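Dumped my_file05.tsv below, it's TSV, C-alpha atoms (C1' of nucleotides):
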```
chain	number	residue	atom	x	y	z
A	1	MET	CA	212.57	111.92	129.10
A	2	GLY	CA	215.11	113.31	131.59
A	3	ALA	CA	215.83	116.91	132.47
A	4	LEU	CA	218.55	117.10	129.85
A	5	GLY	CA	216.25	115.72	127.19
A	6	GLN	CA	213.66	118.31	128.09
A	7	GLU	CA	216.17	121.09	127.81
A	8	ILE	CA	217.25	119.89	124.39
A	9	GLU	CA	213.62	119.77	123.30
A	10	ALA	CA	213.17	123.32	124.53
A	11	ARG	CA	216.20	124.46	122.58
A	12	MET	CA	215.00	122.76	119.44
A	13	GLY	CA	211.67	124.54	119.82
A	14	GLU	CA	213.52	127.80	120.12
A	15	PHE	CA	215.48	126.83	117.00
A	16	THR	CA	212.31	126.38	114.97
A	17	ARG	CA	210.93	129.64	116.25
A	18	ARG	CA	214.09	131.59	115.55
A	19	CYS	CA	214.38	130.14	112.07
A	20	LYS	CA	210.93	131.47	111.29
A	21	GLU	CA	211.82	134.86	112.70
A	22	ALA	CA	214.97	135.01	110.62
A	23	GLY	CA	213.23	133.75	107.50
A	24	LEU	CA	215.28	130.57	107.48
A	25	THR	CA	213.93	127.27	106.31
A	26	ALA	CA	214.23	124.64	109.03
A	27	THR	CA	215.50	121.95	106.69
A	28	HIS	CA	216.35	118.45	107.78
A	29	GLN	CA	220.08	119.24	107.53
A	30	ARG	CA	219.78	122.38	109.63
A	31	THR	CA	217.69	120.64	112.23
A	32	VAL	CA	220.20	117.82	112.63
A	33	ILE	CA	223.17	120.22	112.70
A	34	TYR	CA	221.54	122.31	115.37
A	35	ARG	CA	220.50	119.35	117.47
A	36	VAL	CA	224.06	118.01	117.34
A	37	LEU	CA	225.30	121.38	118.52
A	38	VAL	CA	222.83	121.54	121.38
A	39	GLU	CA	223.62	117.98	122.43
A	40	SER	CA	227.38	118.54	122.29
A	41	ARG	CA	228.75	119.62	125.62
A	42	ASP	CA	232.35	119.77	124.45
A	43	HIS	CA	232.36	122.97	122.39
A	44	PRO	CA	233.09	121.09	119.18
A	45	SER	CA	234.94	122.37	116.15
A	46	PRO	CA	233.01	122.61	112.87
A	47	GLU	CA	234.90	119.56	111.69
A	48	LEU	CA	233.71	117.56	114.69
A	49	VAL	CA	230.16	118.75	114.12
A	50	TYR	CA	230.48	117.57	110.53
A	51	GLU	CA	231.60	114.15	111.73
A	52	ARG	CA	228.73	113.85	114.16
A	53	VAL	CA	226.15	115.03	111.68
A	54	SER	CA	227.58	112.64	109.09
A	55	GLN	CA	226.60	109.75	111.34
A	56	GLU	CA	222.99	110.70	110.77
A	57	ILE	CA	223.22	112.13	107.25
A	58	PRO	CA	226.16	110.39	105.58
A	59	GLU	CA	225.76	112.30	102.33
A	60	ILE	CA	225.87	115.76	103.89
A	61	SER	CA	228.51	118.12	102.58
A	62	ARG	CA	231.10	119.88	104.70
A	63	ALA	CA	230.10	123.12	103.00
A	64	THR	CA	226.56	122.71	104.27
A	65	VAL	CA	227.75	122.24	107.84
A	66	TYR	CA	230.20	125.14	107.74
A	67	LYS	CA	227.79	127.47	106.00
A	68	ASN	CA	224.95	126.74	108.36
A	69	ILE	CA	227.17	127.21	111.38
A	70	HIS	CA	227.76	130.73	110.09
A	71	THR	CA	224.09	131.16	109.43
A	72	PHE	CA	223.29	130.15	113.03
A	73	ILE	CA	225.90	132.51	114.40
A	74	ASP	CA	224.53	135.37	112.36
A	75	ALA	CA	221.02	134.56	113.56
A	76	GLY	CA	222.18	134.57	117.19
A	77	LEU	CA	221.43	130.87	117.59
A	78	LEU	CA	225.04	129.95	118.18
A	79	ARG	CA	228.23	131.55	119.47
A	80	GLU	CA	231.95	131.14	119.13
A	81	VAL	CA	234.01	130.53	122.25
A	82	SER	CA	236.71	132.79	120.88
A	83	GLU	CA	236.44	135.27	118.06
A	84	LEU	CA	240.16	135.02	117.44
A	85	HIS	CA	240.28	131.56	115.95
A	86	GLN	CA	241.12	132.35	112.36
A	87	THR	CA	244.77	132.91	113.08
A	88	ASN	CA	247.02	133.15	116.07
A	89	ARG	CA	247.38	136.60	117.64
A	90	LEU	CA	250.54	137.36	119.54
A	91	ASP	CA	251.19	139.42	122.62
A	92	ALA	CA	254.70	140.34	123.73
A	93	ASN	CA	253.38	142.23	126.73
A	94	LEU	CA	254.26	140.01	129.66
A	95	GLU	CA	252.58	142.06	132.36
A	96	ARG	CA	249.25	140.99	133.77
A	97	HIS	CA	246.58	142.55	131.64
A	98	HIS	CA	243.33	141.98	129.81
A	99	HIS	CA	242.03	142.59	126.32
A	100	LEU	CA	239.54	144.73	124.52
A	101	ILE	CA	238.37	142.88	121.43
A	102	CYS	CA	236.41	144.40	118.58
A	103	THR	CA	233.87	141.86	117.40
A	104	ARG	CA	233.67	143.51	114.00
A	105	CYS	CA	237.28	144.04	112.88
A	106	ARG	CA	239.00	141.74	115.41
A	107	LYS	CA	241.18	144.54	116.68
A	108	VAL	CA	242.79	143.66	120.01
A	109	VAL	CA	243.95	146.26	122.51
A	110	ASP	CA	245.73	145.64	125.77
A	111	TYR	CA	243.79	146.84	128.76
A	112	HIS	CA	245.29	147.26	132.19
A	113	ASP	CA	242.81	147.42	135.03
A	114	ASP	CA	243.50	146.56	138.67
A	115	LYS	CA	239.83	145.92	139.20
A	116	LEU	CA	239.85	143.17	136.58
A	117	ASP	CA	243.10	141.76	137.95
A	118	SER	CA	241.29	140.73	141.11
A	119	VAL	CA	238.64	138.65	139.34
A	120	ARG	CA	238.28	135.16	140.82
A	121	ALA	CA	235.76	132.38	140.59
A	122	SER	CA	233.51	131.71	143.56
A	123	LYS	CA	234.74	128.16	143.89
A	124	ARG	CA	238.30	127.15	144.53
A	125	ASN	CA	238.68	124.54	141.80
A	126	PRO	CA	235.68	124.94	139.53
A	127	ASP	CA	234.80	121.62	137.87
A	128	GLY	CA	238.08	120.22	139.09
A	129	PHE	CA	240.09	122.73	137.05
A	130	GLN	CA	243.32	123.96	138.56
A	131	VAL	CA	242.99	127.57	137.47
A	132	THR	CA	246.25	129.45	137.09
A	133	GLU	CA	245.00	132.64	135.56
A	134	TYR	CA	241.83	134.62	135.05
A	135	ARG	CA	241.67	136.74	131.94
A	136	VAL	CA	238.92	139.13	131.06
A	137	GLU	CA	237.85	139.74	127.49
A	138	ALA	CA	235.91	142.92	127.01
A	139	ARG	CA	234.09	142.45	123.74
A	140	GLY	CA	232.46	145.20	121.78
A	141	LEU	CA	233.13	147.72	119.06
A	142	CYS	CA	236.35	149.67	118.69
A	143	PRO	CA	236.23	153.42	118.03
A	144	ALA	CA	236.63	152.92	114.28
A	145	CYS	CA	233.81	150.35	114.05
A	146	ARG	CA	231.26	152.08	116.26
B	1	MET	CA	265.18	158.27	122.73
B	2	GLY	CA	261.58	158.54	123.95
B	3	ALA	CA	259.89	156.58	126.69
B	4	LEU	CA	258.63	154.00	124.21
B	5	GLY	CA	262.08	153.52	122.75
B	6	GLN	CA	263.45	152.96	126.21
B	7	GLU	CA	260.84	150.36	126.96
B	8	ILE	CA	261.65	148.52	123.78
B	9	GLU	CA	265.33	148.61	124.67
B	10	ALA	CA	264.51	147.19	128.07
B	11	ARG	CA	262.50	144.38	126.52
B	12	MET	CA	265.27	143.56	124.09
B	13	GLY	CA	267.69	143.37	127.01
B	14	GLU	CA	265.31	140.99	128.72
B	15	PHE	CA	265.15	139.02	125.48
B	16	THR	CA	268.92	138.56	125.40
B	17	ARG	CA	268.97	137.57	129.04
B	18	ARG	CA	266.14	135.08	128.70
B	19	CYS	CA	267.70	133.53	125.62
B	20	LYS	CA	270.83	132.85	127.61
B	21	GLU	CA	268.80	131.38	130.45
B	22	ALA	CA	266.92	129.11	128.07
B	23	GLY	CA	270.06	128.11	126.17
B	24	LEU	CA	268.82	129.81	123.01
B	25	THR	CA	271.16	131.48	120.56
B	26	ALA	CA	270.18	135.10	120.06
B	27	THR	CA	270.62	134.98	116.31
B	28	HIS	CA	270.04	137.94	114.06
B	29	GLN	CA	266.76	136.45	112.85
B	30	ARG	CA	265.48	135.87	116.38
B	31	THR	CA	266.48	139.32	117.48
B	32	VAL	CA	264.64	140.97	114.60
B	33	ILE	CA	261.55	138.77	115.06
B	34	TYR	CA	261.39	139.59	118.73
B	35	ARG	CA	261.96	143.30	118.20
B	36	VAL	CA	259.15	143.35	115.64
B	37	LEU	CA	256.89	141.63	118.17
B	38	VAL	CA	257.77	144.08	120.92
B	39	GLU	CA	257.28	147.05	118.61
B	40	SER	CA	253.94	145.78	117.33
B	41	ARG	CA	251.05	147.12	119.34
B	42	ASP	CA	248.41	145.39	117.26
B	43	HIS	CA	248.74	141.78	118.41
B	44	PRO	CA	249.85	140.61	114.99
B	45	SER	CA	249.31	137.22	113.42
B	46	PRO	CA	252.41	135.13	112.61
B	47	GLU	CA	251.84	135.96	108.96
B	48	LEU	CA	251.94	139.69	109.70
B	49	VAL	CA	255.08	139.22	111.77
B	50	TYR	CA	256.59	137.41	108.82
B	51	GLU	CA	255.73	140.32	106.53
B	52	ARG	CA	257.24	142.85	108.89
B	53	VAL	CA	260.39	140.86	109.49
B	54	SER	CA	260.72	140.33	105.73
B	55	GLN	CA	261.13	144.08	105.32
B	56	GLU	CA	264.37	143.81	107.25
B	57	ILE	CA	265.46	140.30	106.25
B	58	PRO	CA	263.94	139.64	102.83
B	59	GLU	CA	265.41	136.14	102.60
B	60	ILE	CA	263.94	134.89	105.89
B	61	SER	CA	261.74	131.80	105.69
B	62	ARG	CA	258.21	131.58	106.99
B	63	ALA	CA	259.24	128.43	108.83
B	64	THR	CA	261.85	130.37	110.76
B	65	VAL	CA	259.31	132.95	111.85
B	66	TYR	CA	256.66	130.41	112.83
B	67	LYS	CA	259.13	128.14	114.56
B	68	ASN	CA	260.69	130.92	116.58
B	69	ILE	CA	257.32	132.24	117.61
B	70	HIS	CA	256.72	128.84	119.17
B	71	THR	CA	260.15	128.88	120.70
B	72	PHE	CA	259.44	132.26	122.29
B	73	ILE	CA	256.09	131.08	123.60
B	74	ASP	CA	257.69	127.99	125.12
B	75	ALA	CA	260.38	130.14	126.71
B	76	GLY	CA	257.75	132.44	128.22
B	77	LEU	CA	258.91	135.40	126.13
B	78	LEU	CA	255.66	135.65	124.24
B	79	ARG	CA	252.01	134.81	124.71
B	80	GLU	CA	248.97	134.07	122.62
B	81	VAL	CA	245.88	136.25	123.01
B	82	SER	CA	243.69	133.17	122.69
B	83	GLU	CA	244.66	129.54	122.99
B	84	LEU	CA	241.73	128.54	120.82
B	85	HIS	CA	243.02	129.72	117.49
B	86	GLN	CA	243.63	126.46	115.71
B	87	THR	CA	240.01	125.90	114.93
B	88	ASN	CA	236.70	127.44	115.74
B	89	ARG	CA	234.96	126.19	118.89
B	90	LEU	CA	231.21	126.42	119.09
B	91	ASP	CA	228.87	127.11	121.94
B	92	ALA	CA	225.11	126.64	121.66
B	93	ASN	CA	224.58	127.73	125.24
B	94	LEU	CA	222.99	131.14	124.90
B	95	GLU	CA	222.89	131.96	128.59
B	96	ARG	CA	225.40	134.33	130.10
B	97	HIS	CA	228.36	132.28	131.19
B	98	HIS	CA	232.12	131.99	131.21
B	99	HIS	CA	234.67	129.35	130.27
B	100	LEU	CA	237.20	127.09	131.88
B	101	ILE	CA	239.94	126.37	129.37
B	102	CYS	CA	242.58	123.70	129.73
B	103	THR	CA	245.83	125.07	128.39
B	104	ARG	CA	247.14	121.60	127.76
B	105	CYS	CA	244.35	119.72	125.94
B	106	ARG	CA	242.20	122.74	124.96
B	107	LYS	CA	239.18	121.34	126.70
B	108	VAL	CA	236.51	123.99	127.20
B	109	VAL	CA	233.89	123.79	129.91
B	110	ASP	CA	231.03	126.18	130.51
B	111	TYR	CA	231.19	127.85	133.87
B	112	HIS	CA	228.29	129.69	135.41
B	113	ASP	CA	229.20	132.07	138.20
B	114	ASP	CA	227.21	135.11	139.31
B	115	LYS	CA	230.33	136.64	140.76
B	116	LEU	CA	231.98	136.63	137.35
B	117	ASP	CA	228.84	137.93	135.69
B	118	SER	CA	229.25	141.21	137.54
B	119	VAL	CA	232.75	141.90	136.24
B	120	ARG	CA	233.09	145.37	134.74
B	121	ALA	CA	235.98	147.59	133.73
B	122	SER	CA	236.78	150.62	135.88
B	123	LYS	CA	236.25	153.03	133.02
B	124	ARG	CA	233.05	153.44	131.09
B	125	ASN	CA	234.41	153.19	127.54
B	126	PRO	CA	237.96	151.94	127.86
B	127	ASP	CA	240.08	153.16	124.97
B	128	GLY	CA	236.93	154.29	123.22
B	129	PHE	CA	235.59	150.75	123.02
B	130	GLN	CA	231.86	150.32	123.34
B	131	VAL	CA	231.91	147.20	125.46
B	132	THR	CA	228.85	145.01	125.14
B	133	GLU	CA	230.02	142.01	127.11
B	134	TYR	CA	232.62	140.92	129.59
B	135	ARG	CA	233.70	137.33	129.44
B	136	VAL	CA	236.03	135.63	131.83
B	137	GLU	CA	238.40	132.92	130.74
B	138	ALA	CA	239.68	130.81	133.59
B	139	ARG	CA	242.79	129.15	132.22
B	140	GLY	CA	244.50	126.21	133.79
B	141	LEU	CA	244.56	122.44	133.79
B	142	CYS	CA	241.51	120.24	133.55
B	143	PRO	CA	241.12	117.25	135.90
B	144	ALA	CA	242.52	114.83	133.29
B	145	CYS	CA	245.61	116.95	132.60
B	146	ARG	CA	246.53	117.87	136.16
C	1	DT	C1'	202.32	123.45	87.88
C	2	DT	C1'	205.56	126.76	87.18
C	3	DG	C1'	209.22	129.43	88.55
C	4	DC	C1'	212.48	131.45	91.54
C	5	DA	C1'	215.25	131.86	95.37
C	6	DA	C1'	217.11	129.30	99.01
C	7	DA	C1'	219.62	125.12	100.18
C	8	DC	C1'	222.50	121.52	99.01
C	9	DA	C1'	226.45	118.45	97.36
C	10	DA	C1'	230.79	117.82	95.36
C	11	DG	C1'	235.00	119.12	94.95
C	12	DA	C1'	238.47	122.79	93.84
C	13	DA	C1'	240.85	126.57	95.89
C	14	DT	C1'	242.73	129.23	99.59
C	15	DC	C1'	244.89	130.33	103.87
C	16	DA	C1'	247.42	129.36	107.96
C	17	DT	C1'	250.39	126.32	109.80
C	18	DT	C1'	253.54	122.38	110.22
C	19	DA	C1'	256.81	118.92	108.57
C	20	DT	C1'	260.78	117.44	105.91
C	21	DC	C1'	265.24	117.77	104.50
C	22	DG	C1'	269.44	119.57	103.00
C	23	DT	C1'	272.66	123.49	104.19
C	24	DT	C1'	274.68	126.87	107.18
C	25	DT	C1'	276.31	128.67	111.44
C	26	DA	C1'	277.54	129.36	116.36
C	27	DG	C1'	280.16	128.06	120.09
C	28	DG	C1'	282.69	124.73	122.74
C	29	DA	C1'	286.59	121.33	122.60
C	30	DT	C1'	291.09	120.61	120.73
D	1	DA	C1'	292.89	128.92	114.71
D	2	DT	C1'	290.46	124.56	113.55
D	3	DC	C1'	287.15	121.00	114.09
D	4	DC	C1'	282.96	119.10	115.42
D	5	DT	C1'	278.28	118.79	116.66
D	6	DA	C1'	273.95	120.46	117.60
D	7	DA	C1'	271.18	124.27	116.77
D	8	DA	C1'	269.27	127.30	113.31
D	9	DC	C1'	267.92	128.27	108.90
D	10	DG	C1'	265.80	128.26	104.14
D	11	DA	C1'	263.13	126.13	100.62
D	12	DT	C1'	259.38	123.87	99.79
D	13	DA	C1'	256.06	120.04	100.25
D	14	DA	C1'	252.32	118.58	103.05
D	15	DT	C1'	248.47	119.11	106.10
D	16	DG	C1'	244.27	120.78	108.10
D	17	DA	C1'	240.64	124.01	108.38
D	18	DT	C1'	237.80	126.74	105.93
D	19	DT	C1'	235.79	129.02	101.92
D	20	DC	C1'	234.50	129.33	97.14
D	21	DT	C1'	232.46	127.78	92.81
D	22	DT	C1'	229.27	125.53	90.20
D	23	DG	C1'	225.66	122.72	89.04
D	24	DT	C1'	221.51	120.45	91.07
D	25	DT	C1'	217.62	119.99	94.09
D	26	DT	C1'	213.92	121.58	96.96
D	27	DG	C1'	210.44	124.44	99.28
D	28	DC	C1'	206.99	127.42	98.68
D	29	DA	C1'	204.31	131.07	96.55
D	30	DA	C1'	201.90	132.87	92.37
```

Please rewrite the model in this file as structure tokens.
Amino acid sequence: MGALGQEIEARMGEFTRRCKEAGLTATHQRTVIYRVLVESRDHPSPELVYERVSQEIPEISRATVYKNIHTFIDAGLLREVSELHQTNRLDANLERHHHLICTRCRKVVDYHDDKLDSVRASKRNPDGFQVTEYRVEARGLCPACR
Amino acid sequence: MGALGQEIEARMGEFTRRCKEAGLTATHQRTVIYRVLVESRDHPSPELVYERVSQEIPEISRATVYKNIHTFIDAGLLREVSELHQTNRLDANLERHHHLICTRCRKVVDYHDDKLDSVRASKRNPDGFQVTEYRVEARGLCPACR
DNA sequence: TTGCAAACAAGAATCATTATCGTTTAGGAT
DNA sequence: ATCCTAAACGATAATGATTCTTGTTTGCAA
């Protein structure tokens, strides 16, 4: 088994452990869903996860995949790349700025900060990406949700 | 007129100018939609924009609002807070890291960078937010899209 | 083994968004 | 001022992602 395989094994071990901690049954469906997630390097959508899991468990239901993705997120076993994926959120402020995002109520507040404006990656073209803009998301709780 | 009113006026002037530049007719509908966007400090969803515009133009169609929002984005008059709003995108990597996001194909790549890990706002609790995490989004074009 | 709560599957329902299509309108050419 | 054409619009159907509902199955503890 290669280094990647070992890492996946390690993550699956952590999965089992965390399920116990959270009082979750490590069912066959959950195990396959989680392994697919760990093996996927492309930040898949739930739909794509469903497709991949379906290859192994053809009779699995979409609801099971979607519900367990939420379960994993709640248990801290999985994260969302962006918390603002339910609907588009618009910003007519054209100046360079960053955002404060409340993880509970999804409130978004513009945040201007020269210090953050100067953020740059260490490498010139990380992973071959031609980066045109660095944006900082400060995630946490807004005053109302604290 | 207060300072805020003046800023809104300035933005509406810019709107008219940019419409001309882009060969767009500054129709009544577009003007109201854009003014609502500029006046909204809460990064509204298209649906919320539709509701607000409907107060002034009850007979406006959702399609008009949605289409013009795209038109404004294409013309550089408006931005999206997150480009990943069409569907959820999952991340089973629990280590601290950041993301490279291709604005063209929506590819997301994990990016580990100690320099970015140390990013912090200048203020302790900006706008009263209790910030638990800073994430950097490096936006640009992936190797395939360049 | 019995029973109960957790998990599941199937499919309907919802929500946001986009596409289609017929009508209206704005602005340049006449 | 009138005509013409493309751009805009409105109504509404369609799509895609996600969530909800309901009935069934399964894991595990008494």

Fill in the blank from the handout: One decimal place gives the atom CA of Arg11 of chain A-atom CA of Gly76 of chain A separation as 12.9 Å

Exercise for the section: Counting all atoms listed in the file, figure out which residue out of C:DT30, C:DA13, C:DA19, C:DA7 gets nearest to chain A. Expected result: C:DA7

Exercise for the section: Identify, on the basis of all atoms listed in the file, every residue whose closest approach to Asp42 of chain A does not exceed 10 Å; exclude the query and any residue fewer than 6 positions from it along the same chain; express the result as a count of residues only. Expected result: 7

Handout entry: Contact residues (chain A, partner chain B, 6 Å, all atoms listed in the file) as a PyMOL selection string
Key = chain A and resi 38+43-45+78-81+85+87-92+128-143

With C-alpha atoms retained, could you export that selection as a PDB file, keeping the file's coordinate frame?
```pdb
ATOM      1  CA  VAL A  38     222.830 121.540 121.380  1.00  0.00           C
ATOM      2  CA  HIS A  43     232.360 122.970 122.390  1.00  0.00           C
ATOM      3  CA  PRO A  44     233.090 121.090 119.180  1.00  0.00           C
ATOM      4  CA  SER A  45     234.940 122.370 116.150  1.00  0.00           C
ATOM      5  CA  LEU A  78     225.040 129.950 118.180  1.00  0.00           C
ATOM      6  CA  ARG A  79     228.230 131.550 119.470  1.00  0.00           C
ATOM      7  CA  GLU A  80     231.950 131.140 119.130  1.00  0.00           C
ATOM      8  CA  VAL A  81     234.010 130.530 122.250  1.00  0.00           C
ATOM      9  CA  HIS A  85     240.280 131.560 115.950  1.00  0.00           C
ATOM     10  CA  THR A  87     244.770 132.910 113.080  1.00  0.00           C
ATOM     11  CA  ASN A  88     247.020 133.150 116.070  1.00  0.00           C
ATOM     12  CA  ARG A  89     247.380 136.600 117.640  1.00  0.00           C
ATOM     13  CA  LEU A  90     250.540 137.360 119.540  1.00  0.00           C
ATOM     14  CA  ASP A  91     251.190 139.420 122.620  1.00  0.00           C
ATOM     15  CA  ALA A  92     254.700 140.340 123.730  1.00  0.00           C
ATOM     16  CA  GLY A 128     238.080 120.220 139.090  1.00  0.00           C
ATOM     17  CA  PHE A 129     240.090 122.730 137.050  1.00  0.00           C
ATOM     18  CA  GLN A 130     243.320 123.960 138.560  1.00  0.00           C
ATOM     19  CA  VAL A 131     242.990 127.570 137.470  1.00  0.00           C
ATOM     20  CA  THR A 132     246.250 129.450 137.090  1.00  0.00           C
ATOM     21  CA  GLU A 133     245.000 132.640 135.560  1.00  0.00           C
ATOM     22  CA  TYR A 134     241.830 134.620 135.050  1.00  0.00           C
ATOM     23  CA  ARG A 135     241.670 136.740 131.940  1.00  0.00           C
ATOM     24  CA  VAL A 136     238.920 139.130 131.060  1.00  0.00           C
ATOM     25  CA  GLU A 137     237.850 139.740 127.490  1.00  0.00           C
ATOM     26  CA  ALA A 138     235.910 142.920 127.010  1.00  0.00           C
ATOM     27  CA  ARG A 139     234.090 142.450 123.740  1.00  0.00           C
ATOM     28  CA  GLY A 140     232.460 145.200 121.780  1.00  0.00           C
ATOM     29  CA  LEU A 141     233.130 147.720 119.060  1.00  0.00           C
ATOM     30  CA  CYS A 142     236.350 149.670 118.690  1.00  0.00           C
ATOM     31  CA  PRO A 143     236.230 153.420 118.030  1.00  0.00           C
TER      32      PRO A 143
END
```

Take chain A, lay it over chain B with a least-squares fit on all the Cα atoms in order, then hand it over as a compact mmCIF listing (two decimals) with C-alpha atoms, in the frame of the given file.
```txt
# COMPACT_ATOMS: atom_id res chain seq x y z
CA MET A 1 265.22 158.14 122.82
CA GLY A 2 261.63 158.44 124.08
CA ALA A 3 259.92 156.48 126.81
CA LEU A 4 258.65 153.94 124.32
CA GLY A 5 262.11 153.46 122.87
CA GLN A 6 263.48 152.89 126.33
CA GLU A 7 260.87 150.29 127.07
CA ILE A 8 261.66 148.46 123.85
CA GLU A 9 265.34 148.52 124.74
CA ALA A 10 264.51 147.08 128.15
CA ARG A 11 262.49 144.31 126.56
CA MET A 12 265.26 143.48 124.14
CA GLY A 13 267.67 143.24 127.06
CA GLU A 14 265.28 140.86 128.75
CA PHE A 15 265.13 138.91 125.48
CA THR A 16 268.89 138.43 125.42
CA ARG A 17 268.90 137.42 129.04
CA ARG A 18 266.06 134.95 128.67
CA CYS A 19 267.62 133.41 125.59
CA LYS A 20 270.74 132.67 127.61
CA GLU A 21 268.68 131.20 130.41
CA ALA A 22 266.81 128.97 128.00
CA GLY A 23 269.95 127.97 126.14
CA LEU A 24 268.78 129.68 122.97
CA THR A 25 271.11 131.36 120.57
CA ALA A 26 270.16 135.00 120.07
CA THR A 27 270.60 134.90 116.31
CA HIS A 28 270.05 137.86 114.05
CA GLN A 29 266.74 136.38 112.85
CA ARG A 30 265.47 135.81 116.38
CA THR A 31 266.49 139.25 117.48
CA VAL A 32 264.66 140.92 114.61
CA ILE A 33 261.56 138.74 115.06
CA TYR A 34 261.41 139.55 118.73
CA ARG A 35 261.96 143.25 118.24
CA VAL A 36 259.16 143.33 115.66
CA LEU A 37 256.90 141.63 118.18
CA VAL A 38 257.78 144.06 120.94
CA GLU A 39 257.31 147.04 118.64
CA SER A 40 253.97 145.79 117.33
CA ARG A 41 251.09 147.13 119.34
CA ASP A 42 248.42 145.45 117.24
CA HIS A 43 248.70 141.83 118.38
CA PRO A 44 249.84 140.68 114.95
CA SER A 45 249.31 137.29 113.38
CA PRO A 46 252.40 135.20 112.58
CA GLU A 47 251.85 136.04 108.94
CA LEU A 48 251.96 139.76 109.69
CA VAL A 49 255.09 139.29 111.76
CA TYR A 50 256.62 137.48 108.80
CA GLU A 51 255.77 140.40 106.54
CA ARG A 52 257.27 142.92 108.92
CA VAL A 53 260.40 140.90 109.51
CA SER A 54 260.75 140.39 105.76
CA GLN A 55 261.17 144.14 105.37
CA GLU A 56 264.41 143.84 107.30
CA ILE A 57 265.48 140.33 106.27
CA PRO A 58 263.98 139.72 102.84
CA GLU A 59 265.39 136.21 102.58
CA ILE A 60 263.94 134.96 105.85
CA SER A 61 261.75 131.89 105.66
CA ARG A 62 258.20 131.66 106.96
CA ALA A 63 259.20 128.48 108.76
CA THR A 64 261.82 130.39 110.71
CA VAL A 65 259.30 132.98 111.83
CA TYR A 66 256.63 130.45 112.77
CA LYS A 67 259.06 128.14 114.51
CA ASN A 68 260.65 130.89 116.53
CA ILE A 69 257.28 132.25 117.57
CA HIS A 70 256.66 128.84 119.10
CA THR A 71 260.08 128.84 120.64
CA PHE A 72 259.39 132.24 122.26
CA ILE A 73 256.04 131.07 123.56
CA ASP A 74 257.59 127.98 125.06
CA ALA A 75 260.29 130.10 126.67
CA GLY A 76 257.67 132.42 128.18
CA LEU A 77 258.87 135.36 126.10
CA LEU A 78 255.62 135.65 124.20
CA ARG A 79 251.95 134.83 124.66
CA GLU A 80 248.92 134.09 122.57
CA VAL A 81 245.85 136.29 122.96
CA SER A 82 243.66 133.23 122.64
CA GLU A 83 244.66 129.62 122.96
CA LEU A 84 241.72 128.58 120.83
CA HIS A 85 242.94 129.83 117.49
CA GLN A 86 243.63 126.59 115.71
CA THR A 87 240.01 125.96 114.92
CA ASN A 88 236.67 127.45 115.76
CA ARG A 89 235.00 126.15 118.92
CA LEU A 90 231.24 126.33 119.14
CA ASP A 91 228.92 126.99 122.03
CA ALA A 92 225.17 126.42 121.77
CA ASN A 93 224.64 127.54 125.34
CA LEU A 94 223.01 130.93 125.00
CA GLU A 95 222.89 131.81 128.68
CA ARG A 96 225.40 134.22 130.14
CA HIS A 97 228.37 132.21 131.24
CA HIS A 98 232.14 131.97 131.23
CA HIS A 99 234.70 129.36 130.30
CA LEU A 100 237.26 127.15 131.92
CA ILE A 101 240.01 126.46 129.40
CA CYS A 102 242.69 123.82 129.76
CA THR A 103 245.93 125.23 128.41
CA ARG A 104 247.28 121.75 127.79
CA CYS A 105 244.51 119.85 125.98
CA ARG A 106 242.33 122.84 124.99
CA LYS A 107 239.32 121.40 126.74
CA VAL A 108 236.61 124.01 127.25
CA VAL A 109 233.99 123.79 129.98
CA ASP A 110 231.11 126.14 130.56
CA TYR A 111 231.26 127.85 133.91
CA HIS A 112 228.35 129.68 135.45
CA ASP A 113 229.24 132.10 138.21
CA ASP A 114 227.20 135.11 139.31
CA LYS A 115 230.31 136.68 140.74
CA LEU A 116 231.98 136.68 137.33
CA ASP A 117 228.80 137.93 135.67
CA SER A 118 229.19 141.23 137.47
CA VAL A 119 232.69 141.94 136.16
CA ARG A 120 233.03 145.42 134.65
CA ALA A 121 235.88 147.65 133.64
CA SER A 122 236.67 150.67 135.78
CA LYS A 123 236.13 153.05 132.90
CA ARG A 124 232.93 153.45 130.99
CA ASN A 125 234.30 153.20 127.46
CA PRO A 126 237.85 151.94 127.80
CA ASP A 127 240.00 153.19 124.90
CA GLY A 128 236.86 154.32 123.15
CA PHE A 129 235.51 150.77 122.94
CA GLN A 130 231.77 150.34 123.25
CA VAL A 131 231.85 147.20 125.36
CA THR A 132 228.79 144.98 125.07
CA GLU A 133 229.95 142.00 127.04
CA TYR A 134 232.57 140.96 129.54
CA ARG A 135 233.67 137.36 129.40
CA VAL A 136 236.01 135.69 131.81
CA GLU A 137 238.40 132.98 130.74
CA ALA A 138 239.70 130.89 133.58
CA ARG A 139 242.82 129.27 132.23
CA GLY A 140 244.59 126.36 133.81
CA LEU A 141 244.71 122.60 133.81
CA CYS A 142 241.67 120.35 133.60
CA PRO A 143 241.35 117.38 135.95
CA ALA A 144 242.75 114.98 133.35
CA CYS A 145 245.82 117.14 132.62
CA ARG A 146 246.74 118.06 136.18
```
